[in-house]
Amino acid sequence: MLSPRDGKVIASVDEAGPEDVDRAVRAARLAFDEGPWPRLPARERASFLFRLADLVEASAEELARTISLEMGKPLRDSLGIEVPAVVKTFRWYAELADKVSGEVTQSSASALALVTREPAGVVAAVVPWNFPLTMATWKLAPALITGCTVVLKPAEQSPLSALLLADLASKAGLPAGVLTVVNGPGPVTARALGLHPGVDVVTFTGSTSVGREFLRYSADSNLKRVWLELGGKSPNIVFPDAYDLDAAADTAAWGIFFNSGEMCTAASRLLVHRDIADDFVARVVSRAAAYFPGDPLDPATRMGPLVSAAHRSSVLARVSEAVSGGARLLTGGRPCLHDTGGWYLEPTILDRVDPSMPIARSEVFGPVLSVLTFSTTAEALSLAGDTPYGLAAAVWTRDLATAHHVSRSLKAGTVWVNCYEEGDLTVPFGGAKLSGHGRDKSVHALDKFTDLKTTWLAFP
Ligand code: NAD
């Protein structure tokens with residue numbers, strides 16, 4: 001595999017074919033059906049996750065450097081954001097282990113009905129490369145703490161950090177078969193997981209098109225349940241009465257250029273009121289220079305390269321198509337840092353984007369901001385809803401009634417008012433429409449990995 005930093009080979013990774021996947025699933029099945037893991041008291045499972053969190057924390061430098069090398073995230077973010085998020089997630093679910101209970105429902109004097117949560121079984125977790133360990137851990141921690149066993153399939157672009165995590169899980173003492181990592185091409189390795197009759201649950205984060213494939217695999221095999229966290233095209237709506245237009249402009253730039261725009265929640269559509277559009281867009285453009293890309297291993301770099309040469313070409317093709325269709329390039333739009341051999345792209349802003357253009361409707365997954373304008377709240381809402389996605393949205397206004405009306409009206413899993421990318425393990429994360437269904441994070445994630453069982457006890 002090649003590093004996006006300089007296009008050089010950094011490792012070669014074995015690919016798991018269908019036979020290897022079968023072995024991994026059988027091991028997970030055996031560990032679930034006969035092993036100690038699902039039968040341990042929840043507190044004991046928690047102690048493994050606490051140990052794993054400690055080991056991840058102790059290996060933070062190595063994990064962060066590996067992430068930056070394999071997928072190009074700046075070290076300041078892999079070390080400052082991603083690895084700490086992994087540690088926090090394992091600890092948070094470990095703490096939750098014995099805080100969630102079943103129910104005793106209303107029943108007669110001669111019977112008692114118990115509703116218990118049981119681990120759902122063998123889970124296949126298939127994840128993308130943009131936050132390779134965070135996305136994996138959002139699946140692993142709740143699945144493992146409930147007593148499920150897991151086979152994890154990382155993205156082809158980020159196999160190394162997942163292998164390090166598997167090594168740490170084994171050092172933490174997880175019993176054999178409880179967590180297995182299989183690498184390989186999605187259409188081979190992940191497909192074999194999706195079709196495997198021994199898998200009970202698929203939890204997937206990735207593109208909408210591959211999400212559809214998993215629903216097909218399920219229909220063609222054992223009707224395993226499939227949870228989907230998919231793409232987005234999030235609107236960031238700025239009203240003239242926003243508290244602080246400079247703060248809103250800082251956030252608009254960060255919202256699209258953070259992680260090279262390779263974010264499901266990227267603030268990729270700026271919807272700005274016509275009265276302030278010229279001024280506000282100029283403020284955002286002036287901030288783009290701070291994101292001119294650099295070496296991801298340089299601690300000062302705020303934006304790294306794109307993940308692959310092919311992905312950069314596809315992002316550039318989307319920009320050219322928009323410009324040919326009438327959009328105006330305000331800044332960026334060119335590859336850069338050619339002599340590094342890496343896949344860098346200037347932060348890019350397009351205005352005069354028409355809502356019918358493909359760039360306004362489908363995900364780019366790169367550092368490309370599309371600017372659209374509106375005059376009324378109704379028009380803003382109509383533009384905001386005019387994509388197939390429903391992952392996230394933001395609104396900037398000091399008017400409480402506008403904030404309330406807009407946030408209630410938007411079809412999205414998360415709405416931010418006067419902020420962007422606020423998040424916490426206590427709150428669920430996921431989407432509506434073609435952004436998927438089911439929720440990562442929070443206590444609600446446990447629903448994906450548990451079955452409710454009703455037991456009637458009769459006292460004749
Ligand atoms: P992708 O869908 O191409 O790949 C994701 C995973 O699916 C990888 O592990 C890949 O190997 C596997 N895969 C690919 N083709 C497959 C097939 N035919 N059958 C089975 N598995 C297959 O996505 P990506 O390029 O890795 O990631 C980018 C996408 O992920 C974007 O659409 C982004 O919005 C989305 N994403 C969503 C969230 C969220 O929480 N909603 C978070 C991060 C990323």
# chains A, B, ... in the order shown; residues from 1 in each chain; ligands from 1
>>> residues_near_ligand(ligand="ligand 1", cutoff="8 Å", atoms="only C-alpha atoms and all ligand atoms", output="number ranges by chain")
A: 126-131, 135, 153-157, 184-192, 194, 204-211, 213-214, 228-232, 262-265, 363, 365, 391, 429-431, 435-436, 440
>>> residues_around(residues="range 300-314 of chain A", least_positions_apart="2", cutoff="8 Å", atoms="only C-alpha atoms", output="ChimeraX atom specification")
/A:4-5,71-76,157,257-260,262,290-298,316-318,342-345,366
>>> write_last_selection(atoms="C-alpha atoms", output="mmCIF file, in the first residue's frame")
data_model
loop_
_atom_site.group_PDB
_atom_site.id
_atom_site.type_symbol
_atom_site.label_atom_id
_atom_site.label_comp_id
_atom_site.auth_asym_id
_atom_site.auth_seq_id
_atom_site.Cartn_x
_atom_site.Cartn_y
_atom_site.Cartn_z
ATOM 1 C CA PRO A 4 -0.886 9.573 0.432
ATOM 2 C CA ARG A 5 1.850 11.694 2.003
ATOM 3 C CA MET A 71 -4.591 7.797 5.143
ATOM 4 C CA GLY A 72 -2.968 11.239 5.364
ATOM 5 C CA LYS A 73 -4.676 12.794 8.402
ATOM 6 C CA PRO A 74 -2.497 15.497 10.007
ATOM 7 C CA LEU A 75 -0.663 14.200 13.053
ATOM 8 C CA ARG A 76 -2.157 16.993 15.168
ATOM 9 C CA GLN A 157 -6.625 2.339 2.588
ATOM 10 C CA PHE A 257 -11.406 21.674 5.249
ATOM 11 C CA PHE A 258 -10.918 19.669 8.456
ATOM 12 C CA ASN A 259 -9.735 16.151 7.556
ATOM 13 C CA SER A 260 -9.400 17.353 3.918
ATOM 14 C CA GLU A 262 -13.134 13.624 3.962
ATOM 15 C CA ALA A 290 -4.748 28.586 6.537
ATOM 16 C CA TYR A 291 -5.691 25.135 5.228
ATOM 17 C CA PHE A 292 -3.197 25.036 2.366
ATOM 18 C CA PRO A 293 -2.093 21.413 2.674
ATOM 19 C CA GLY A 294 1.155 20.135 4.092
ATOM 20 C CA ASP A 295 2.967 17.008 5.220
ATOM 21 C CA PRO A 296 0.630 15.163 7.612
ATOM 22 C CA LEU A 297 3.602 14.300 9.825
ATOM 23 C CA ASP A 298 4.450 17.983 10.338
ATOM 24 C CA LEU A 316 -10.982 17.365 -9.330
ATOM 25 C CA ALA A 317 -13.390 15.976 -11.928
ATOM 26 C CA ARG A 318 -16.317 17.106 -9.745
ATOM 27 C CA GLY A 342 1.691 12.964 -2.503
ATOM 28 C CA TRP A 343 -1.960 13.656 -3.358
ATOM 29 C CA TYR A 344 -2.472 17.200 -2.180
ATOM 30 C CA LEU A 345 -5.258 19.508 -3.301
ATOM 31 C CA GLY A 366 -12.987 16.412 -0.418
#
>>> select_by_dssp(residues="range 87-230 of chain A", states="alpha helix (DSSP H)", output="PyMOL selection string")
chain A and resi 87-96+132-146+159-171+191-195+208-220
>>> residues_around(residues="His444 in chain A", least_positions_apart="2", cutoff="10 Å", atoms="only C-alpha atoms", output="ChimeraX atom specification")
/A:142,426-429,438-442,446-449
>>> write_last_selection(atoms="C-alpha atoms", output="mmCIF file, in the first residue's frame")
data_model
loop_
_atom_site.group_PDB
_atom_site.id
_atom_site.type_symbol
_atom_site.label_atom_id
_atom_site.label_comp_id
_atom_site.auth_asym_id
_atom_site.auth_seq_id
_atom_site.Cartn_x
_atom_site.Cartn_y
_atom_site.Cartn_z
ATOM 1 C CA PRO A 142 -20.792 -1.267 22.222
ATOM 2 C CA THR A 426 -23.584 10.641 25.461
ATOM 3 C CA VAL A 427 -25.413 11.639 22.260
ATOM 4 C CA PRO A 428 -26.378 9.364 19.366
ATOM 5 C CA PHE A 429 -24.893 9.877 15.910
ATOM 6 C CA GLY A 438 -29.348 3.155 13.322
ATOM 7 C CA ARG A 439 -27.168 5.143 15.685
ATOM 8 C CA ASP A 440 -23.537 4.967 16.736
ATOM 9 C CA LYS A 441 -22.444 6.253 20.158
ATOM 10 C CA SER A 442 -24.523 6.741 23.308
ATOM 11 C CA LEU A 446 -26.502 -0.941 22.378
ATOM 12 C CA ASP A 447 -29.834 -1.516 20.611
ATOM 13 C CA LYS A 448 -27.940 -2.542 17.461
ATOM 14 C CA PHE A 449 -26.119 -5.342 19.212
#
>>> closest_residue(among="A:Leu168, A:Ala249, A:Ala445, A:Ala242", to="Asp399 in chain A", atoms="only C-alpha atoms")
A:Ala242
>>> atom_distance(atom1="CA of Ala136 in chain A", atom2="CA of Val364 in chain A")
22.5 Å
>>> closest_residue(among="A:Asp351, A:Glu321, A:Glu44, A:Glu62", to="Leu165 in chain A", atoms="only C-alpha atoms")
A:Glu62
>>> residues_around(residues="Leu163 in chain A", least_positions_apart="5", cutoff="9 Å", atoms="only C-alpha atoms", output="list in words")
Leu168, Val181, Val182 and Asn183 of chain A
>>> select_by_dssp(residues="range 55-230 of chain A", states="strand (DSSP E)", output="PyMOL selection string")
chain A and resi 103-104+111-119+122-126+149-153+179-181+201-205+225-229
>>> write_last_selection(atoms="C-alpha atoms", output="tab-separated table (two decimals), in the first residue's frame")
chain	number	residue	atom	x	y	z
A	103	GLU	CA	-37.49	-4.67	32.64
A	104	VAL	CA	-40.11	-6.36	34.73
A	111	ALA	CA	-47.27	-14.49	36.23
A	112	LEU	CA	-44.22	-12.33	35.82
A	113	ALA	CA	-42.89	-11.01	32.52
A	114	LEU	CA	-39.18	-10.27	32.23
A	115	VAL	CA	-37.68	-8.39	29.30
A	116	THR	CA	-33.94	-8.98	29.02
A	117	ARG	CA	-31.34	-7.69	26.58
A	118	GLU	CA	-29.28	-10.47	25.07
A	119	PRO	CA	-26.18	-10.08	22.91
A	122	VAL	CA	-21.55	-12.48	15.72
A	123	VAL	CA	-21.10	-8.94	14.43
A	124	ALA	CA	-19.33	-7.97	11.20
A	125	ALA	CA	-18.07	-4.38	11.42
A	126	VAL	CA	-17.10	-2.87	8.06
A	149	THR	CA	-18.04	-11.25	19.18
A	150	VAL	CA	-16.76	-9.20	16.25
A	151	VAL	CA	-15.02	-9.60	12.90
A	152	LEU	CA	-13.70	-6.19	11.81
A	153	LYS	CA	-13.00	-5.35	8.16
A	179	LEU	CA	-12.18	-9.85	17.98
A	180	THR	CA	-10.68	-10.75	14.60
A	181	VAL	CA	-9.47	-8.33	11.95
A	201	VAL	CA	-25.39	-8.37	12.48
A	202	VAL	CA	-23.58	-6.12	10.02
A	203	THR	CA	-22.66	-2.67	11.25
A	204	PHE	CA	-21.38	-0.62	8.35
A	205	THR	CA	-20.00	2.87	7.89
A	225	ARG	CA	-29.74	-7.20	10.40
A	226	VAL	CA	-27.77	-4.39	8.73
A	227	TRP	CA	-27.03	-1.02	10.34
A	228	LEU	CA	-25.93	1.72	7.98
A	229	GLU	CA	-24.00	4.93	8.63
>>> residues_around(residues="His405 in chain A", least_positions_apart="6", cutoff="12 Å", atoms="only C-alpha atoms", output="list in words")
Thr377, Ala378, Ala380, Leu381, Val395, Thr397, Asp399, Val415 and Val417 of chain A
>>> write_last_selection(atoms="all heavy atoms", output="PDB file, in the first residue's frame")
ATOM      1  N   THR A 377     -36.491  32.153   4.889  1.00  0.00           N
ATOM      2  CA  THR A 377     -36.295  30.916   5.653  1.00  0.00           C
ATOM      3  C   THR A 377     -36.869  29.722   4.890  1.00  0.00           C
ATOM      4  O   THR A 377     -36.275  28.645   4.868  1.00  0.00           O
ATOM      5  CB  THR A 377     -36.987  31.049   7.034  1.00  0.00           C
ATOM      6  OG1 THR A 377     -36.454  32.200   7.672  1.00  0.00           O
ATOM      7  CG2 THR A 377     -36.736  29.836   7.897  1.00  0.00           C
ATOM      8  N   ALA A 378     -38.001  29.935   4.251  1.00  0.00           N
ATOM      9  CA  ALA A 378     -38.616  28.836   3.486  1.00  0.00           C
ATOM     10  C   ALA A 378     -37.690  28.390   2.367  1.00  0.00           C
ATOM     11  O   ALA A 378     -37.526  27.186   2.112  1.00  0.00           O
ATOM     12  CB  ALA A 378     -39.963  29.287   2.922  1.00  0.00           C
ATOM     13  N   ALA A 380     -34.425  28.702   2.351  1.00  0.00           N
ATOM     14  CA  ALA A 380     -33.277  28.013   2.969  1.00  0.00           C
ATOM     15  C   ALA A 380     -33.641  26.567   3.278  1.00  0.00           C
ATOM     16  O   ALA A 380     -32.864  25.642   3.019  1.00  0.00           O
ATOM     17  CB  ALA A 380     -32.863  28.740   4.250  1.00  0.00           C
ATOM     18  N   LEU A 381     -34.834  26.358   3.822  1.00  0.00           N
ATOM     19  CA  LEU A 381     -35.252  24.996   4.170  1.00  0.00           C
ATOM     20  C   LEU A 381     -35.424  24.136   2.928  1.00  0.00           C
ATOM     21  O   LEU A 381     -35.065  22.954   2.916  1.00  0.00           O
ATOM     22  CB  LEU A 381     -36.560  25.038   4.966  1.00  0.00           C
ATOM     23  CG  LEU A 381     -36.393  25.418   6.435  1.00  0.00           C
ATOM     24  CD1 LEU A 381     -37.752  25.641   7.078  1.00  0.00           C
ATOM     25  CD2 LEU A 381     -35.621  24.325   7.179  1.00  0.00           C
ATOM     26  N   VAL A 395     -27.349  25.651  11.659  1.00  0.00           N
ATOM     27  CA  VAL A 395     -28.017  26.935  11.424  1.00  0.00           C
ATOM     28  C   VAL A 395     -27.387  27.969  12.352  1.00  0.00           C
ATOM     29  O   VAL A 395     -27.131  27.698  13.528  1.00  0.00           O
ATOM     30  CB  VAL A 395     -29.556  26.817  11.605  1.00  0.00           C
ATOM     31  CG1 VAL A 395     -29.928  26.184  12.929  1.00  0.00           C
ATOM     32  CG2 VAL A 395     -30.223  28.172  11.485  1.00  0.00           C
ATOM     33  N   THR A 397     -27.966  31.721  13.739  1.00  0.00           N
ATOM     34  CA  THR A 397     -28.903  32.833  13.928  1.00  0.00           C
ATOM     35  C   THR A 397     -28.963  33.155  15.419  1.00  0.00           C
ATOM     36  O   THR A 397     -28.715  32.270  16.243  1.00  0.00           O
ATOM     37  CB  THR A 397     -30.314  32.469  13.430  1.00  0.00           C
ATOM     38  OG1 THR A 397     -31.207  33.545  13.712  1.00  0.00           O
ATOM     39  CG2 THR A 397     -30.867  31.215  14.092  1.00  0.00           C
ATOM     40  N   ASP A 399     -31.823  34.422  16.525  1.00  0.00           N
ATOM     41  CA  ASP A 399     -33.268  34.422  16.761  1.00  0.00           C
ATOM     42  C   ASP A 399     -33.717  33.014  17.173  1.00  0.00           C
ATOM     43  O   ASP A 399     -33.621  32.064  16.384  1.00  0.00           O
ATOM     44  CB  ASP A 399     -33.979  34.850  15.464  1.00  0.00           C
ATOM     45  CG  ASP A 399     -35.468  34.945  15.689  1.00  0.00           C
ATOM     46  OD1 ASP A 399     -35.912  35.962  16.235  1.00  0.00           O
ATOM     47  OD2 ASP A 399     -36.189  33.982  15.338  1.00  0.00           O
ATOM     48  N   VAL A 415     -28.548  18.272  14.233  1.00  0.00           N
ATOM     49  CA  VAL A 415     -28.604  19.687  13.836  1.00  0.00           C
ATOM     50  C   VAL A 415     -27.804  20.483  14.861  1.00  0.00           C
ATOM     51  O   VAL A 415     -28.005  20.341  16.072  1.00  0.00           O
ATOM     52  CB  VAL A 415     -30.053  20.219  13.800  1.00  0.00           C
ATOM     53  CG1 VAL A 415     -30.050  21.697  13.392  1.00  0.00           C
ATOM     54  CG2 VAL A 415     -30.907  19.411  12.826  1.00  0.00           C
ATOM     55  N   VAL A 417     -26.857  24.256  16.244  1.00  0.00           N
ATOM     56  CA  VAL A 417     -27.282  25.655  16.231  1.00  0.00           C
ATOM     57  C   VAL A 417     -26.120  26.488  16.766  1.00  0.00           C
ATOM     58  O   VAL A 417     -25.656  26.281  17.892  1.00  0.00           O
ATOM     59  CB  VAL A 417     -28.546  25.859  17.097  1.00  0.00           C
ATOM     60  CG1 VAL A 417     -28.954  27.333  17.099  1.00  0.00           C
ATOM     61  CG2 VAL A 417     -29.694  25.000  16.561  1.00  0.00           C
TER      62      VAL A 417
END
